[in-house]
Amino acid sequence: MDALRADIEAHNRRYYVEDAPSISDAQYDQLMAELQALETAHPDWVTPDSPTQRVGAAPLDHFASVTHAVRMLSLGNAFETEDVVAFDERIVATLIESGLLSGAAADPDAGAAQAAHVQGTLPLSDGPAPPPGVAYVAEYKFDGLAVSLRYEQGRLVQAATRGDGAQGEDITVNIRTLRSVPLRLRGADAPAVLEVRGEVLMTRADFARLNEAQVARGDKPFVNPRNAAAGSLRQLDPRITATRPLRFYAYGWGLIQDAAGAPLQPRASHSGMLDWLAGFGFAVSPGRALCRGASELLRFYETVGASRANLPYDIDGVVYKVDDLRAQEVLGFVARAPRFALAHKFPAQEETTRLIGIDVQVGRTGALTPVARLQPVFVGGVTVTNATLHNEDEIRRKDVRIGDTVVVRRAGDVIPEVVGPVLALRPADAPVFDLLAVCPVCPECGSAVERPEGEAITRCTGGLFCPAQRKQTLWHAASRKALDIDGLGDKLIEQLVDNGKVHTLADLYKLADPSGGGELELSTYPRMGAKSARNLVEAINERRSPPLSRLLYALGIRHVGETTARDVARHFGAIEAIMDASEEDLLQVPDVGPVVAASIRRFFAEAHNREVIADLRAVGVEPQADAAPVGEKPLAGKTLVLTGTLPTLSRDEATRRVLAAGGKVSGSVSRKTAWVVAGEEAGSKLAKAAELGVPVIDEAGLLALLDGVSRS
Ligand SMILES: NC(=O)c1ccc[n+]([C@@H]2O[C@H](COP(=O)([O-])OP(=O)(O)OC[C@H]3O[C@@H](n4cnc5c(N)ncnc54)[C@H](O)[C@@H]3O)[C@@H](O)[C@H]2O)c1
Ligand SMILES: [Zn+2]
């Protein structure tokens, strides 16, 4: 028990004083439960300074210390339904004994909790009799840190952390920087003294932004919003706090006094008190509900638990409080917590575990995703053995290393992720992770991986060859704008690849070779039959001499769409020329910029891809030069002026087509104008054209130009 106490004390210090816990809350709760169980079994060995008897940890001495006028307590914890039922039953029993609760409760067979009802409390309407059961307020349990704000004559005079419950830290200057904390209470009827209690927290979005900025500045990121909020509030320099997006929600109060120093209790219920506080300008516990009896509490727990991922901030459970303040008083307190309230915690969404290794997965488009391999850990209701690390930048940003103890988060149905390392537990020799230089898809691929400038994703460049990208590549190659192979659907591709029949595009042609048994083989596939097999084989064979542009597009090179493929194909005329083109050569093609040029270059620099092209040649694929003249679009370098209304083309459509043909459209006629295209009601531009000797054509003339038929 001594060892356990010392252990818990150390965790308390790290959590409350240093804002840097080294174990998860769930692990902490387990240590606490263990100690509690031992103390229950051996009540003589309970010490007054045991963590079960005290709140939090002593405040840090570099803040001035504040003695709380009314002690700040913790809350009793429950994880199980039975604990909640037992909590309700205890309360019912106490309240019946004290005469605050009556009804059929006296009949033991009826079941005390079901039959009892609260006297003289909510609801106040004269409607039908209230349903049986004690009235509770159910609230979110915010995962932030508790503070107490003291107002005198309606002005904020002091703010303090909870500390050990009796004494906290003076954080008045820091609290003043929070916009959600009123510096003066709204309205004229503020009491002489009012202590408001609540939670300071940070939303997840604000937390993410703060961490990004931390890293950009070279500071270490916070592990979770709670630690970020605590670290931000407990700053010696309030200017730092001022830059941190903190919010305050009120859920309780301490001392309330009138001008003569007499205690005040302005409302009879907890919910009434919260409304009263809201009237002074505080944000009070949103999403609270009035519940009767254990079953309504449990329903609240279920509902909130199922939707908590939608809340902008973390909550680690819900809190139940007896609504009637007289009843609260009768129920009283145990060592460190009120008897009238209970924190019902959700299963942990965060756990710590060891990062055993980092695997790299390859997606269908060649994107490499690092995945954390973890010591199995139970979090968010499931056992997690791996978690995404998104990309290389993310690993660097979070600074996670193999061997680290890491915080793993699984919220709702979201896939588990590694939040960050526990730096205090990092082994001395933990290596910094480097994404591979070679694609890791089985030993087979081994193509180079590259991360194009300005992109976050690292990719395998072996597009035609990489097993991870096979299905995607084939599906794309067969698509209508590419090789347009009828009858090759994605189901069939899936089967052909899974059976090991087809590895690359070249294998597809081999399958269709009349001398092989491909057709027969194909006819055995589900939903195929002899006729569709024959049709498919024919369709493939018809594509043995595809236009070069279509073949190029079919290769699925990143950033090479249909139009780019056509431009490049026309410019070079042969696949070999494209394969050997330097980036500079590629930049000669109109409309090809550095990103496209680099992508094409990268693709053909990968030996595996070149092999596939060679294989295609070997099985008799002969791309044909595209029809239009090599090297130039029909209107390349020409500027046209449109005027008047054309018979069929709208102005936009005409402009689009001129641009697509490599030309430019200008609003005014000059010596540089190649043609003026005139329609109905053409105006002054015709005269200008005549003056400068610029040829004038009509729509038919324009269409001919676009087709590349007539040139001047
Ligand atoms: N990981 C660690 O090393 C470590 C160490 C110490 C404590 N902890 C965590 O802290 C917990 C114990 O801390 P605790 O003593 O502050 O108790 P608690 O967090 O379980 O409950 C009391 C606190 O709940 C907060 N709270 C949030 N919403 C509330 C509401 N609507 N009404 C009233 N209070 C509300 C208040 O800050 C209050 O002080 C542990 O269960 C564990 O989760 C973790
Ligand atoms: Zn690969």
# chains A, B, ... in the order shown; residues from 1 in each chain; ligands from 1
call {"tool": "select_by_dssp", "arguments": {"residues": "range 364-478 of chain A", "states": "strand (DSSP E)", "output": "mmCIF file with C-alpha atoms, in the first residue's frame"}}
result
data_model
loop_
_atom_site.group_PDB
_atom_site.id
_atom_site.type_symbol
_atom_site.label_atom_id
_atom_site.label_comp_id
_atom_site.auth_asym_id
_atom_site.auth_seq_id
_atom_site.Cartn_x
_atom_site.Cartn_y
_atom_site.Cartn_z
ATOM 1 C CA ALA A 367 0.654 6.506 -51.597
ATOM 2 C CA LEU A 368 2.802 5.327 -48.702
ATOM 3 C CA THR A 369 1.210 5.503 -45.262
ATOM 4 C CA PRO A 370 3.230 4.882 -42.123
ATOM 5 C CA VAL A 371 1.357 2.769 -39.609
ATOM 6 C CA ALA A 372 2.288 2.399 -35.959
ATOM 7 C CA ARG A 373 2.680 -1.162 -34.710
ATOM 8 C CA LEU A 374 1.656 -1.116 -31.052
ATOM 9 C CA GLN A 375 1.777 -3.275 -28.006
ATOM 10 C CA PRO A 376 -1.897 -4.316 -27.924
ATOM 11 C CA VAL A 377 -3.897 -1.883 -25.829
ATOM 12 C CA PHE A 378 -7.581 -1.629 -24.901
ATOM 13 C CA VAL A 379 -8.883 1.805 -25.839
ATOM 14 C CA VAL A 382 -11.547 -2.265 -28.590
ATOM 15 C CA THR A 383 -8.066 -3.732 -28.547
ATOM 16 C CA VAL A 384 -5.837 -1.686 -30.784
ATOM 17 C CA THR A 385 -2.660 -3.140 -32.285
ATOM 18 C CA ASN A 386 -1.914 -0.537 -34.911
ATOM 19 C CA ALA A 387 -2.766 3.065 -35.604
ATOM 20 C CA THR A 388 -2.277 5.444 -38.469
ATOM 21 C CA THR A 405 5.634 5.110 -24.987
ATOM 22 C CA VAL A 406 2.872 6.786 -26.956
ATOM 23 C CA VAL A 407 -0.629 8.043 -26.306
ATOM 24 C CA VAL A 408 -3.134 6.252 -28.539
ATOM 25 C CA ARG A 409 -6.535 7.744 -29.147
ATOM 26 C CA GLU A 417 -4.318 7.389 -34.070
ATOM 27 C CA VAL A 418 -1.080 8.030 -32.278
ATOM 28 C CA VAL A 419 -1.439 11.335 -30.460
ATOM 29 C CA GLY A 420 2.152 11.740 -29.391
ATOM 30 C CA PRO A 421 4.999 10.386 -27.306
ATOM 31 C CA VAL A 449 9.654 6.007 -53.775
ATOM 32 C CA GLU A 450 9.556 9.743 -54.122
ATOM 33 C CA THR A 458 5.360 9.910 -50.498
ATOM 34 C CA ARG A 459 4.586 7.538 -53.355
ATOM 35 C CA CYS A 460 5.859 4.432 -55.022
#
call {"tool": "residues_near_ligand", "arguments": {"ligand": "ligand 2", "cutoff": "7 Å", "atoms": "only C-alpha atoms and all ligand atoms", "output": "NGL selection string"}}
result
:A and (362 or 366 or 439-441 or 445-447 or 460-462 or 466-468)
call {"tool": "write_last_selection", "arguments": {"atoms": "N, CA and C atoms", "output": "PDB file, in the first residue's frame"}}
result
ATOM      1  N   VAL A 362       1.117   0.521 -48.633  1.00  0.00           N
ATOM      2  CA  VAL A 362       1.051   1.175 -49.930  1.00  0.00           C
ATOM      3  C   VAL A 362      -0.386   1.140 -50.428  1.00  0.00           C
ATOM      4  N   GLY A 366      -0.397   4.161 -54.903  1.00  0.00           N
ATOM      5  CA  GLY A 366       1.029   4.219 -54.607  1.00  0.00           C
ATOM      6  C   GLY A 366       1.382   5.055 -53.399  1.00  0.00           C
ATOM      7  N   CYS A 439       9.875   1.071 -52.323  1.00  0.00           N
ATOM      8  CA  CYS A 439       8.518   0.619 -52.029  1.00  0.00           C
ATOM      9  C   CYS A 439       8.536  -0.708 -51.263  1.00  0.00           C
ATOM     10  N   PRO A 440       7.817  -0.787 -50.170  1.00  0.00           N
ATOM     11  CA  PRO A 440       7.889  -1.966 -49.315  1.00  0.00           C
ATOM     12  C   PRO A 440       6.880  -3.065 -49.628  1.00  0.00           C
ATOM     13  N   VAL A 441       6.135  -2.971 -50.739  1.00  0.00           N
ATOM     14  CA  VAL A 441       5.136  -4.003 -51.004  1.00  0.00           C
ATOM     15  C   VAL A 441       5.846  -5.303 -51.343  1.00  0.00           C
ATOM     16  N   CYS A 445       7.990  -5.514 -55.365  1.00  0.00           N
ATOM     17  CA  CYS A 445       7.979  -4.190 -55.985  1.00  0.00           C
ATOM     18  C   CYS A 445       9.366  -3.571 -55.973  1.00  0.00           C
ATOM     19  N   GLY A 446       9.757  -3.051 -54.819  1.00  0.00           N
ATOM     20  CA  GLY A 446      11.095  -2.488 -54.721  1.00  0.00           C
ATOM     21  C   GLY A 446      11.346  -1.316 -55.644  1.00  0.00           C
ATOM     22  N   SER A 447      10.295  -0.695 -56.164  1.00  0.00           N
ATOM     23  CA  SER A 447      10.481   0.484 -57.000  1.00  0.00           C
ATOM     24  C   SER A 447      10.879   1.663 -56.118  1.00  0.00           C
ATOM     25  N   CYS A 460       5.101   5.398 -54.241  1.00  0.00           N
ATOM     26  CA  CYS A 460       5.859   4.432 -55.022  1.00  0.00           C
ATOM     27  C   CYS A 460       5.758   4.876 -56.479  1.00  0.00           C
ATOM     28  N   THR A 461       6.884   4.916 -57.191  1.00  0.00           N
ATOM     29  CA  THR A 461       6.857   5.376 -58.577  1.00  0.00           C
ATOM     30  C   THR A 461       6.666   4.221 -59.558  1.00  0.00           C
ATOM     31  N   GLY A 462       6.608   2.996 -59.032  1.00  0.00           N
ATOM     32  CA  GLY A 462       6.462   1.831 -59.926  1.00  0.00           C
ATOM     33  C   GLY A 462       5.012   1.595 -60.305  1.00  0.00           C
ATOM     34  N   CYS A 466       3.982  -2.002 -59.558  1.00  0.00           N
ATOM     35  CA  CYS A 466       3.772  -2.158 -58.112  1.00  0.00           C
ATOM     36  C   CYS A 466       2.534  -3.012 -57.830  1.00  0.00           C
ATOM     37  N   PRO A 467       2.699  -4.132 -57.121  1.00  0.00           N
ATOM     38  CA  PRO A 467       1.553  -5.000 -56.841  1.00  0.00           C
ATOM     39  C   PRO A 467       0.409  -4.271 -56.127  1.00  0.00           C
ATOM     40  N   ALA A 468       0.744  -3.297 -55.292  1.00  0.00           N
ATOM     41  CA  ALA A 468      -0.320  -2.597 -54.563  1.00  0.00           C
ATOM     42  C   ALA A 468      -1.187  -1.779 -55.507  1.00  0.00           C
TER      43      ALA A 468
END
call {"tool": "closest_atom_pairs", "arguments": {"of": "chain A", "to": "ligand 1", "cutoff": "6 Å", "atoms": "only C-alpha atoms and all ligand atoms", "output": "CSV"}}
result
residue,atom,partner,partner_atom_place_in_ligand_line,distance
A:His11,CA,ligand 1,3 (O),4.4
A:Asn12,CA,ligand 1,6 (C),4.4
A:Tyr15,CA,ligand 1,5 (C),4.7
A:Pro21,CA,ligand 1,3 (O),4.5
A:Ser22,CA,ligand 1,3 (O),5.9
A:Ile23,CA,ligand 1,1 (N),4.8
A:Ser24,CA,ligand 1,1 (N),4.4
A:Asp25,CA,ligand 1,1 (N),4.0
A:Tyr28,CA,ligand 1,2 (C),5.2
A:Asp29,CA,ligand 1,41 (O),5.0
A:Val55,CA,ligand 1,15 (O),5.5
A:Gly56,CA,ligand 1,15 (O),5.5
A:Ser74,CA,ligand 1,22 (C),4.0
A:Leu75,CA,ligand 1,21 (O),4.5
A:Glu139,CA,ligand 1,31 (N),5.0
A:Tyr140,CA,ligand 1,31 (N),5.2
A:Lys141,CA,ligand 1,28 (N),3.4
A:Phe142,CA,ligand 1,27 (C),4.0
A:Asp143,CA,ligand 1,27 (C),6.0
A:Leu145,CA,ligand 1,37 (O),4.8
A:Ala146,CA,ligand 1,37 (O),3.7
A:Glu199,CA,ligand 1,37 (O),5.6
A:Tyr251,CA,ligand 1,32 (N),5.2
A:Val319,CA,ligand 1,31 (N),5.6
call {"tool": "closest_atom_pairs", "arguments": {"of": "range 132-180 of chain A", "to": "range 87-102 of chain A", "cutoff": "12 Å", "atoms": "only C-alpha atoms", "output": "Markdown table"}}
result
| residue | atom | partner | partner_atom | distance |
| --- | --- | --- | --- | --- |
| A:Pro132 | CA | A:Ser102 | CA | 10.3 |
| A:Gly133 | CA | A:Val92 | CA | 8.1 |
| A:Val134 | CA | A:Val92 | CA | 7.0 |
| A:Ala135 | CA | A:Asp88 | CA | 10.2 |
| A:Tyr136 | CA | A:Asp88 | CA | 9.7 |
call {"tool": "closest_atom_pairs", "arguments": {"of": "range 586-658 of chain A", "to": "range 556-561 of chain A", "cutoff": "12 Å", "atoms": "only C-alpha atoms", "output": "CSV"}}
result
residue,atom,partner,partner_atom,distance
A:Asp591,CA,A:Val560,CA,11.5
A:Val592,CA,A:Val560,CA,9.5
A:Gly593,CA,A:His559,CA,10.3
A:Pro594,CA,A:His559,CA,10.8
A:Val595,CA,A:His559,CA,7.7
A:Val596,CA,A:His559,CA,5.7
A:Ala597,CA,A:His559,CA,9.2
A:Ala598,CA,A:His559,CA,9.7
A:Ser599,CA,A:Arg558,CA,6.3
A:Ile600,CA,A:Ile557,CA,6.6
A:Arg601,CA,A:Ile557,CA,9.8
A:Arg602,CA,A:Ile557,CA,9.2
A:Phe603,CA,A:Ile557,CA,6.7
A:Phe604,CA,A:Ile557,CA,9.3
A:Glu606,CA,A:Ile557,CA,11.8
A:Asn609,CA,A:Ile557,CA,10.5
call {"tool": "write_last_selection", "arguments": {"atoms": "C-alpha atoms", "output": "PDB file, in the first residue's frame"}}
result
ATOM      1  CA  ASP A 591       0.841  23.516 -71.585  1.00  0.00           C
ATOM      2  CA  VAL A 592       3.240  21.117 -69.884  1.00  0.00           C
ATOM      3  CA  GLY A 593       4.603  22.688 -66.713  1.00  0.00           C
ATOM      4  CA  PRO A 594       7.279  21.593 -64.265  1.00  0.00           C
ATOM      5  CA  VAL A 595       4.944  19.415 -62.162  1.00  0.00           C
ATOM      6  CA  VAL A 596       3.790  17.372 -65.151  1.00  0.00           C
ATOM      7  CA  ALA A 597       7.282  17.186 -66.649  1.00  0.00           C
ATOM      8  CA  ALA A 598       8.738  15.955 -63.363  1.00  0.00           C
ATOM      9  CA  SER A 599       5.981  13.404 -62.961  1.00  0.00           C
ATOM     10  CA  ILE A 600       6.499  11.931 -66.443  1.00  0.00           C
ATOM     11  CA  ARG A 601      10.228  11.882 -65.926  1.00  0.00           C
ATOM     12  CA  ARG A 602       9.858  10.160 -62.568  1.00  0.00           C
ATOM     13  CA  PHE A 603       7.582   7.541 -64.040  1.00  0.00           C
ATOM     14  CA  PHE A 604       9.931   6.533 -66.804  1.00  0.00           C
ATOM     15  CA  GLU A 606      11.614   3.743 -62.739  1.00  0.00           C
ATOM     16  CA  ASN A 609       7.877   0.778 -65.621  1.00  0.00           C
TER      17      ASN A 609
END
call {"tool": "closest_residue", "arguments": {"among": "A:Ala569, A:Asn77, A:Gly487, A:Ala41", "to": "Lys531 in chain A", "atoms": "only C-alpha atoms"}}
result
A:Gly487
call {"tool": "residues_around", "arguments": {"residues": "range 147-160 of chain A", "least_positions_apart": "2", "cutoff": "9 Å", "atoms": "only C-alpha atoms", "output": "PDB file with C-alpha atoms, in the first residue's frame"}}
result
ATOM      1  CA  SER A  65      -1.056  30.507  -2.793  1.00  0.00           C
ATOM      2  CA  VAL A  66      -4.755  31.043  -2.188  1.00  0.00           C
ATOM      3  CA  THR A  67      -6.731  29.486   0.639  1.00  0.00           C
ATOM      4  CA  HIS A  68     -10.172  28.506  -0.595  1.00  0.00           C
ATOM      5  CA  MET A  72     -12.777  22.474  -3.617  1.00  0.00           C
ATOM      6  CA  LEU A 145      -9.048  21.842 -14.926  1.00  0.00           C
ATOM      7  CA  ARG A 162      -8.005  23.747  -7.130  1.00  0.00           C
ATOM      8  CA  GLY A 163      -4.565  22.699  -5.887  1.00  0.00           C
ATOM      9  CA  GLN A 167      -5.061  25.728  -1.137  1.00  0.00           C
ATOM     10  CA  GLY A 168      -4.660  26.558  -4.783  1.00  0.00           C
ATOM     11  CA  GLU A 169      -2.491  28.773  -6.953  1.00  0.00           C
ATOM     12  CA  ASP A 170      -3.267  32.403  -7.596  1.00  0.00           C
ATOM     13  CA  ILE A 171      -3.801  32.652 -11.346  1.00  0.00           C
ATOM     14  CA  THR A 172      -5.830  35.880 -11.334  1.00  0.00           C
ATOM     15  CA  VAL A 173      -3.771  37.663 -14.002  1.00  0.00           C
ATOM     16  CA  ASN A 174      -4.023  34.640 -16.278  1.00  0.00           C
ATOM     17  CA  ILE A 175      -7.750  34.172 -15.844  1.00  0.00           C
ATOM     18  CA  ARG A 176      -8.303  37.809 -16.733  1.00  0.00           C
ATOM     19  CA  VAL A 181     -14.788  35.010 -17.868  1.00  0.00           C
ATOM     20  CA  PRO A 182     -16.726  38.187 -17.053  1.00  0.00           C
ATOM     21  CA  LEU A 183     -14.561  40.780 -15.318  1.00  0.00           C
ATOM     22  CA  ARG A 184     -17.733  42.376 -13.991  1.00  0.00           C
ATOM     23  CA  LEU A 185     -20.921  40.492 -13.327  1.00  0.00           C
ATOM     24  CA  ARG A 186     -23.840  41.402 -15.527  1.00  0.00           C
ATOM     25  CA  GLY A 187     -26.866  43.048 -13.900  1.00  0.00           C
ATOM     26  CA  ALA A 188     -27.257  45.037 -10.708  1.00  0.00           C
ATOM     27  CA  ASP A 189     -28.124  42.352  -8.142  1.00  0.00           C
ATOM     28  CA  ALA A 190     -24.765  40.652  -7.709  1.00  0.00           C
ATOM     29  CA  PRO A 191     -24.101  39.518  -4.141  1.00  0.00           C
ATOM     30  CA  ALA A 192     -21.288  41.125  -2.140  1.00  0.00           C
ATOM     31  CA  VAL A 193     -19.168  37.967  -2.476  1.00  0.00           C
ATOM     32  CA  LEU A 194     -19.597  35.273  -5.093  1.00  0.00           C
ATOM     33  CA  GLU A 195     -17.258  32.389  -5.772  1.00  0.00           C
ATOM     34  CA  VAL A 196     -17.983  30.701  -9.065  1.00  0.00           C
ATOM     35  CA  ARG A 197     -16.506  27.321  -9.850  1.00  0.00           C
ATOM     36  CA  GLY A 198     -16.067  25.690 -13.159  1.00  0.00           C
ATOM     37  CA  GLU A 199     -13.740  24.172 -15.686  1.00  0.00           C
ATOM     38  CA  VAL A 200     -11.182  25.776 -17.971  1.00  0.00           C
ATOM     39  CA  PHE A 248     -14.559  28.627 -18.977  1.00  0.00           C
ATOM     40  CA  TRP A 253     -20.081  27.769  -6.608  1.00  0.00           C
ATOM     41  CA  GLY A 254     -18.227  28.276  -3.319  1.00  0.00           C
ATOM     42  CA  LEU A 255     -18.876  31.090  -0.879  1.00  0.00           C
ATOM     43  CA  ALA A 259     -22.985  42.818   2.307  1.00  0.00           C
TER      44      ALA A 259
END
call {"tool": "closest_residue", "arguments": {"among": "A:Leu659, A:Ala309, A:Leu505, A:Ala262", "to": "Ala614 in chain A", "atoms": "only C-alpha atoms"}}
result
A:Leu505
call {"tool": "closest_residue", "arguments": {"among": "A:Phe340, A:Arg14, A:Thr40, A:Gly380", "to": "Met1 in chain A", "atoms": "only C-alpha atoms"}}
result
A:Thr40
call {"tool": "closest_residue", "arguments": {"among": "A:His42, A:Lys633, A:His344, A:Lys685", "to": "Tyr301 in chain A", "atoms": "only C-alpha atoms"}}
result
A:His344
call {"tool": "decode", "arguments": {"residues": "range 53-81 of chain A", "atoms": "N, CA and C atoms", "output": "compact mmCIF listing (two decimals), in the first residue's frame"}}
result
# COMPACT_ATOMS: atom_id res chain seq x y z
N GLN A 53 -7.68 10.03 0.32
CA GLN A 53 -8.27 10.94 1.29
C GLN A 53 -8.10 12.40 0.90
N ARG A 54 -7.31 12.63 -0.16
CA ARG A 54 -6.98 14.01 -0.49
C ARG A 54 -7.29 14.31 -1.95
N VAL A 55 -7.37 15.61 -2.22
CA VAL A 55 -7.68 16.06 -3.57
C VAL A 55 -6.39 16.53 -4.23
N GLY A 56 -6.17 16.19 -5.47
CA GLY A 56 -5.11 16.78 -6.28
C GLY A 56 -3.72 16.69 -5.68
N ALA A 57 -2.96 17.79 -5.76
CA ALA A 57 -1.60 17.84 -5.25
C ALA A 57 -1.34 19.25 -4.76
N ALA A 58 -0.37 19.37 -3.85
CA ALA A 58 -0.06 20.69 -3.30
C ALA A 58 0.35 21.65 -4.42
N PRO A 59 -0.03 22.92 -4.31
CA PRO A 59 0.27 23.86 -5.39
C PRO A 59 1.77 24.14 -5.51
N LEU A 60 2.14 24.58 -6.68
CA LEU A 60 3.54 24.91 -6.96
C LEU A 60 3.87 26.22 -6.27
N ASP A 61 5.11 26.34 -5.71
CA ASP A 61 5.32 27.54 -4.90
C ASP A 61 5.70 28.78 -5.70
N HIS A 62 5.85 28.65 -7.05
CA HIS A 62 6.14 29.92 -7.71
C HIS A 62 4.88 30.72 -8.05
N PHE A 63 3.71 30.19 -7.70
CA PHE A 63 2.51 31.02 -7.72
C PHE A 63 2.21 31.38 -6.27
N ALA A 64 1.63 32.55 -6.05
CA ALA A 64 1.17 32.87 -4.70
C ALA A 64 0.08 31.87 -4.36
N SER A 65 -0.04 31.50 -3.08
CA SER A 65 -1.06 30.51 -2.79
C SER A 65 -2.32 31.17 -2.26
N VAL A 66 -3.45 30.52 -2.55
CA VAL A 66 -4.76 31.04 -2.19
C VAL A 66 -5.44 29.99 -1.32
N THR A 67 -5.97 30.42 -0.18
CA THR A 67 -6.73 29.49 0.64
C THR A 67 -8.20 29.59 0.24
N HIS A 68 -8.78 28.47 -0.16
CA HIS A 68 -10.17 28.51 -0.59
C HIS A 68 -11.10 28.71 0.59
N ALA A 69 -12.03 29.65 0.48
CA ALA A 69 -12.98 29.92 1.55
C ALA A 69 -13.86 28.68 1.79
N VAL A 70 -14.22 28.01 0.71
CA VAL A 70 -14.93 26.74 0.80
C VAL A 70 -14.08 25.74 0.02
N ARG A 71 -13.79 24.60 0.64
CA ARG A 71 -12.88 23.65 0.00
C ARG A 71 -13.38 23.21 -1.39
N MET A 72 -12.43 22.99 -2.29
CA MET A 72 -12.78 22.47 -3.62
C MET A 72 -12.55 20.97 -3.60
N LEU A 73 -13.59 20.25 -3.93
CA LEU A 73 -13.50 18.80 -3.79
C LEU A 73 -13.35 18.12 -5.15
N SER A 74 -13.15 16.83 -5.05
CA SER A 74 -13.14 16.00 -6.25
C SER A 74 -14.52 15.36 -6.39
N LEU A 75 -14.64 14.33 -7.19
CA LEU A 75 -15.93 13.64 -7.34
C LEU A 75 -15.71 12.15 -7.19
N GLY A 76 -16.67 11.47 -6.63
CA GLY A 76 -16.62 10.02 -6.63
C GLY A 76 -16.74 9.53 -8.06
N ASN A 77 -16.07 8.41 -8.36
CA ASN A 77 -16.02 7.89 -9.72
C ASN A 77 -16.85 6.63 -9.87
N ALA A 78 -17.50 6.48 -10.99
CA ALA A 78 -18.15 5.21 -11.30
C ALA A 78 -17.85 4.86 -12.75
N PHE A 79 -17.70 3.58 -13.01
CA PHE A 79 -17.50 3.12 -14.39
C PHE A 79 -18.64 2.22 -14.83
N GLU A 80 -19.29 1.57 -13.85
CA GLU A 80 -20.27 0.54 -14.18
C GLU A 80 -21.69 0.98 -13.85
N THR A 81 -22.63 0.40 -14.58
CA THR A 81 -24.04 0.64 -14.34
C THR A 81 -24.42 0.36 -12.87
